[in-house]
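Asker: Have a look at this one before I ask anything.
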Amino acid sequence: MRAAGRGKLCYMTNTASSLSERSVAYGRMADALSHLGDTWRDWPDLAECARAVGLSPHHFQREFTRWAGISPKQYQAALAHAEAGDLLRQGASLLDASYETGLSGPSRLHDLFIAHEGLTPGEAKTGGQGADLVMGEAETPFGTAILVISPRGLCGLGFADDGADAKLGFEHPGYGKRAVKEDFASRYPNASIREDNCEAARWATRIFEGTEPVPVALYGTPFRRQIWRALLDIPPGETRTYGEVAAAAGQPKAARAAGTAIGANTISWLIPCHRALASDGRLHNYHWGVARKRAMLTFERAHAA
């Protein structure tokens with residue numbers, strides 16, 4: 001399989017092909033996760049789950065298992081055994097509580113490290129003056145990603161949903177490719193940015209299919225770095241409120257500032273802002289879309305089932 005970067009061809013591996021297939025499946029799987037989250041207590045059979053997303057039972061079983069790494073029945077069992085009682089007593093909805101329970105994710109995610117800062121304070125103040133960055137599109141288990149890469153490591157990872165509805169209240173439905181690219185480029189207006197989808201695909205494979213730590217390169221104020229490191233300490237699949245993240249960072253009175261710092265994170269998934277919740281505990285207010293946040297948490301928990 002070949003994928004084109006700007007002005008050249010590159011050959012993709014079977015792993016990249018797997019990522020492309022899982023990316024294509026993401027929309028249906030997000031719908032399936034929502035349906036299973038709503039109906040798991042009734043233990044719908046495979047045929048009913050498949051009908052909900054417009055697939056045959058055989059196709060649904062195969063696609064779900066390939067995307068999540070476990071079968072639909074195993075996923076239902078994980079929900080059924082989730083310890084949701086405390087959250088339910090705190091007023092969370094049944095659906096949200098089923099996603100908010102303490103199953104952890106792949107241990108390799110704990111191996112993430114921040115290698116060093118990708119931009120010096122001086123480079124950051126001048127809008128990336130003199131920085132050479134690569135930006136490109138790649139397919140991932142959570143749909144199309146936009147990646148920004150510096151010579152020192154990954155400095156941007158976001159997700160695109162062309163045709164997404166307009167934002168309504170706190171709930172983000174996602175953003176189109178152009179909007180995501182413009183957003184990233186605006187953070188480094190004086191940097192040299194070239195497009196290379198092949199390089200982005202190589203990094204996507206490293207992030208979503210690799211087993212080695214991924215170097216992350218970004219600049220942030222000391223407070224923001226404290227908050228981002230606190231996010232990394234949340235076990236995969238678990239969640240914390242902004243206040244709890246602030247307290248873990250040694251700033252217990254800075255919940256609002258912690259929320260701002262979490263929103264300023266440019267590297268989703270690896271620096272897991274999807275594990276942070278507002279004080280009401282609901283799954284909303286996620287920059288890359290609520291459905292994607294739910295899918296990320298579910299993916300992490302599924303691998304502990």
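Chain labels run A, B, ... following the order of the structure tokens; each chain numbers its residues from 1, and ligands are numbered from 1 in the order shown.
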Excluding stretch 65-77 of chain A and its own-chain neighbours fewer than 2 positions away, which residues fall within 9 Å of it when counting only C-alpha atoms? Please give them as a VMD selection string.
Answerer: chain A and resid 18 21 to 23 25 to 26 29 36 to 37 40 to 41 43 45 to 46 49 60 to 63 79 to 82 141 298 to 303 305
Asker: One decimal, in Å: what's the spacing between atom CA of A:Gly174 and atom CA of A:Met296?
Answerer: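 Atom-to-atom, atom CA of A:Gly174 to atom CA of A:Met296, that is 14.3 Å.
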Asker: Quick one, how far is atom CA of A:Thr239 from atom CA of A:Lys181?
Answerer: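 One can read the atom CA of A:Thr239 to atom CA of A:Lys181 distance as 28.3 Å.
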Asker: Please measure the separation of atom CA of A:Phe208 and atom CA of A:Arg292, giving the value in Å to one decimal.
Answerer: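 Rounded to one decimal, the two atoms are 15.2 Å apart.
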Asker: Any idea what's packed within 12 Å of A:Arg256, counting only C-alpha atoms, ignoring anything in its chain fewer than 5 positions away? Could you give it as a compact mmCIF listing (two decimals) with all heavy atoms, in the first residue's frame?
Answerer:
# COMPACT_ATOMS: atom_id res chain seq x y z
N ILE A 227 0.73 20.36 35.52
CA ILE A 227 -0.59 19.81 35.25
C ILE A 227 -0.49 18.66 34.26
O ILE A 227 -1.11 17.59 34.45
CB ILE A 227 -1.55 20.90 34.73
CG1 ILE A 227 -1.79 21.97 35.80
CG2 ILE A 227 -2.86 20.29 34.25
CD1 ILE A 227 -2.45 21.44 37.06
N THR A 241 -11.24 14.77 38.24
CA THR A 241 -11.76 16.11 37.99
C THR A 241 -10.61 17.09 37.88
O THR A 241 -9.48 16.80 38.29
CB THR A 241 -12.70 16.55 39.12
OG1 THR A 241 -11.93 16.69 40.33
CG2 THR A 241 -13.83 15.56 39.33
N TYR A 242 -10.90 18.27 37.36
CA TYR A 242 -9.87 19.30 37.27
C TYR A 242 -9.30 19.60 38.65
O TYR A 242 -8.10 19.81 38.81
CB TYR A 242 -10.45 20.59 36.67
CG TYR A 242 -10.90 20.47 35.23
CD1 TYR A 242 -11.82 21.39 34.70
CD2 TYR A 242 -10.43 19.47 34.39
CE1 TYR A 242 -12.24 21.31 33.39
CE2 TYR A 242 -10.84 19.38 33.08
CZ TYR A 242 -11.76 20.29 32.58
OH TYR A 242 -12.17 20.21 31.28
N GLY A 243 -10.17 19.61 39.66
CA GLY A 243 -9.71 19.89 41.01
C GLY A 243 -8.75 18.82 41.51
O GLY A 243 -7.75 19.12 42.17
N GLU A 244 -9.05 17.57 41.20
CA GLU A 244 -8.17 16.48 41.62
C GLU A 244 -6.84 16.53 40.89
O GLU A 244 -5.78 16.25 41.47
CB GLU A 244 -8.87 15.15 41.38
CG GLU A 244 -10.03 14.89 42.33
CD GLU A 244 -10.86 13.69 41.96
OE1 GLU A 244 -10.95 13.36 40.75
OE2 GLU A 244 -11.43 13.06 42.87
N VAL A 245 -6.87 16.92 39.62
CA VAL A 245 -5.62 17.06 38.87
C VAL A 245 -4.79 18.19 39.47
O VAL A 245 -3.57 18.06 39.65
CB VAL A 245 -5.91 17.33 37.37
CG1 VAL A 245 -4.61 17.66 36.63
CG2 VAL A 245 -6.59 16.13 36.74
N ALA A 246 -5.46 19.31 39.80
CA ALA A 246 -4.74 20.44 40.40
C ALA A 246 -4.10 20.03 41.73
O ALA A 246 -2.95 20.37 42.01
CB ALA A 246 -5.69 21.61 40.60
N ALA A 247 -4.85 19.29 42.54
CA ALA A 247 -4.31 18.85 43.83
C ALA A 247 -3.11 17.92 43.63
O ALA A 247 -2.11 18.01 44.35
CB ALA A 247 -5.40 18.15 44.64
N GLN A 251 -1.31 22.04 43.54
CA GLN A 251 -1.99 23.33 43.47
C GLN A 251 -3.48 23.13 43.75
O GLN A 251 -4.33 23.32 42.87
CB GLN A 251 -1.79 23.96 42.08
CG GLN A 251 -0.36 24.11 41.64
CD GLN A 251 0.34 25.24 42.38
OE1 GLN A 251 -0.31 26.12 42.95
NE2 GLN A 251 1.66 25.22 42.36
N ALA A 261 -5.10 24.86 31.67
CA ALA A 261 -3.86 24.18 31.29
C ALA A 261 -4.15 22.89 30.55
O ALA A 261 -3.47 22.55 29.57
CB ALA A 261 -3.01 23.91 32.53
N ILE A 262 -5.16 22.16 30.99
CA ILE A 262 -5.54 20.92 30.32
C ILE A 262 -6.03 21.23 28.91
O ILE A 262 -5.68 20.53 27.95
CB ILE A 262 -6.61 20.18 31.13
CG1 ILE A 262 -5.99 19.64 32.43
CG2 ILE A 262 -7.25 19.05 30.33
CD1 ILE A 262 -7.00 19.19 33.46
N GLY A 263 -6.80 22.30 28.76
CA GLY A 263 -7.28 22.69 27.44
C GLY A 263 -6.18 23.15 26.52
O GLY A 263 -6.31 23.10 25.29
N LEU A 277 -12.07 15.52 33.87
CA LEU A 277 -13.49 15.87 33.84
C LEU A 277 -13.72 17.16 34.60
O LEU A 277 -13.01 17.48 35.55
CB LEU A 277 -14.33 14.77 34.50
CG LEU A 277 -14.17 13.34 34.00
CD1 LEU A 277 -15.00 12.41 34.88
CD2 LEU A 277 -14.61 13.24 32.56
N ALA A 278 -14.76 17.88 34.21
CA ALA A 278 -15.20 19.02 34.99
C ALA A 278 -15.79 18.52 36.32
O ALA A 278 -15.98 17.32 36.52
CB ALA A 278 -16.23 19.84 34.21
N SER A 279 -16.09 19.42 37.20
CA SER A 279 -16.51 19.04 38.56
C SER A 279 -17.80 18.23 38.59
O SER A 279 -18.03 17.46 39.53
CB SER A 279 -16.68 20.29 39.43
OG SER A 279 -17.64 21.16 38.86
Asker: Can you tell me, as a ChimeraX atom specification, what residues are no more than 8 Å from A:Arg194 when counting only C-alpha atoms, ignoring any on the same chain fewer than 2 positions away?
Answerer: /A:133-135,192,196
Asker: Just write the chosen residues, all heavy atoms, as a PDB file, in the first residue's frame.
Answerer:
ATOM      1  N   LEU A 133       9.275  22.450  11.505  1.00  0.00           N
ATOM      2  CA  LEU A 133       8.242  21.503  11.915  1.00  0.00           C
ATOM      3  C   LEU A 133       7.663  20.789  10.699  1.00  0.00           C
ATOM      4  O   LEU A 133       7.682  21.315   9.581  1.00  0.00           O
ATOM      5  CB  LEU A 133       7.118  22.231  12.660  1.00  0.00           C
ATOM      6  CG  LEU A 133       7.521  23.104  13.852  1.00  0.00           C
ATOM      7  CD1 LEU A 133       6.288  23.796  14.434  1.00  0.00           C
ATOM      8  CD2 LEU A 133       8.221  22.270  14.917  1.00  0.00           C
ATOM      9  N   VAL A 134       7.141  19.593  10.943  1.00  0.00           N
ATOM     10  CA  VAL A 134       6.437  18.822   9.926  1.00  0.00           C
ATOM     11  C   VAL A 134       4.998  18.650  10.384  1.00  0.00           C
ATOM     12  O   VAL A 134       4.740  18.348  11.559  1.00  0.00           O
ATOM     13  CB  VAL A 134       7.087  17.434   9.735  1.00  0.00           C
ATOM     14  CG1 VAL A 134       6.247  16.569   8.800  1.00  0.00           C
ATOM     15  CG2 VAL A 134       8.496  17.576   9.178  1.00  0.00           C
ATOM     16  N   MET A 135       4.045  18.846   9.471  1.00  0.00           N
ATOM     17  CA  MET A 135       2.639  18.611   9.774  1.00  0.00           C
ATOM     18  C   MET A 135       2.063  17.662   8.737  1.00  0.00           C
ATOM     19  O   MET A 135       2.390  17.745   7.555  1.00  0.00           O
ATOM     20  CB  MET A 135       1.845  19.929   9.766  1.00  0.00           C
ATOM     21  CG  MET A 135       0.364  19.758  10.122  1.00  0.00           C
ATOM     22  SD  MET A 135      -0.599  21.290   9.951  1.00  0.00           S
ATOM     23  CE  MET A 135       0.180  22.341  11.176  1.00  0.00           C
ATOM     24  N   SER A 192       8.916  27.318  10.335  1.00  0.00           N
ATOM     25  CA  SER A 192       8.881  26.731   8.996  1.00  0.00           C
ATOM     26  C   SER A 192       8.137  25.406   9.095  1.00  0.00           C
ATOM     27  O   SER A 192       8.586  24.493   9.778  1.00  0.00           O
ATOM     28  CB  SER A 192      10.300  26.512   8.481  1.00  0.00           C
ATOM     29  OG  SER A 192      10.275  25.794   7.264  1.00  0.00           O
ATOM     30  N   ASP A 196       3.936  16.636   5.274  1.00  0.00           N
ATOM     31  CA  ASP A 196       4.472  15.316   4.942  1.00  0.00           C
ATOM     32  C   ASP A 196       3.588  14.262   5.588  1.00  0.00           C
ATOM     33  O   ASP A 196       3.739  13.940   6.768  1.00  0.00           O
ATOM     34  CB  ASP A 196       5.919  15.193   5.425  1.00  0.00           C
ATOM     35  CG  ASP A 196       6.599  13.923   4.916  1.00  0.00           C
ATOM     36  OD1 ASP A 196       5.883  12.965   4.562  1.00  0.00           O
ATOM     37  OD2 ASP A 196       7.845  13.896   4.889  1.00  0.00           O
TER      38      ASP A 196
END
Asker: Please report, as a count of residues only, each residue of stretch 133-257 of chain A to which DSSP assigns strand (DSSP E or B) when run on this structure's backbone.
Answerer: 34
Asker: Would you list the contacts of A:Asn265 as a PyMOL selection string, taking every protein, DNA or RNA residue within 12 Å and counting only C-alpha atoms, but skipping same-chain residues closer than 5 positions in sequence?
Answerer: chain A and resi 155-158+184+187+216-221+224-229+231+258-260+270-274+276+286-288
Asker: For A:Asp162, which of A:Arg178, A:Arg28, A:His35, A:Arg275 is the closest residue, counting only C-alpha atoms?
Answerer: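 Residue with the minimum atom-to-atom distance to A:Asp162: A:Arg178.
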Asker: As a ChimeraX atom specification, please: the residues near A:Glu139 (cut-off 9 Å, only C-alpha atoms, same-chain neighbours under 2 positions excluded).
Answerer: /A:16-17,19-24,137,141-146,201,204
Asker: Grab the residues selected above and save them as an mmCIF file, in the first residue's frame with C-alpha atoms.
Answerer:
data_model
loop_
_atom_site.group_PDB
_atom_site.id
_atom_site.type_symbol
_atom_site.label_atom_id
_atom_site.label_comp_id
_atom_site.auth_asym_id
_atom_site.auth_seq_id
_atom_site.Cartn_x
_atom_site.Cartn_y
_atom_site.Cartn_z
ATOM 1 C CA ALA A 16 -0.254 1.248 8.780
ATOM 2 C CA SER A 17 -2.892 -0.602 6.780
ATOM 3 C CA LEU A 19 -4.455 1.687 11.399
ATOM 4 C CA SER A 20 -6.281 2.795 8.254
ATOM 5 C CA GLU A 21 -8.867 0.035 8.657
ATOM 6 C CA ARG A 22 -9.398 0.909 12.308
ATOM 7 C CA SER A 23 -9.703 4.581 11.400
ATOM 8 C CA VAL A 24 -12.419 3.800 8.859
ATOM 9 C CA GLU A 137 -2.480 13.634 8.308
ATOM 10 C CA PRO A 141 -8.044 4.024 15.738
ATOM 11 C CA PHE A 142 -9.805 7.288 16.615
ATOM 12 C CA GLY A 143 -10.192 8.587 13.079
ATOM 13 C CA THR A 144 -8.045 11.009 11.121
ATOM 14 C CA ALA A 145 -5.289 12.640 13.145
ATOM 15 C CA ILE A 146 -3.262 15.761 12.439
ATOM 16 C CA ALA A 201 1.851 8.080 9.242
ATOM 17 C CA ALA A 204 1.009 7.393 14.047
#
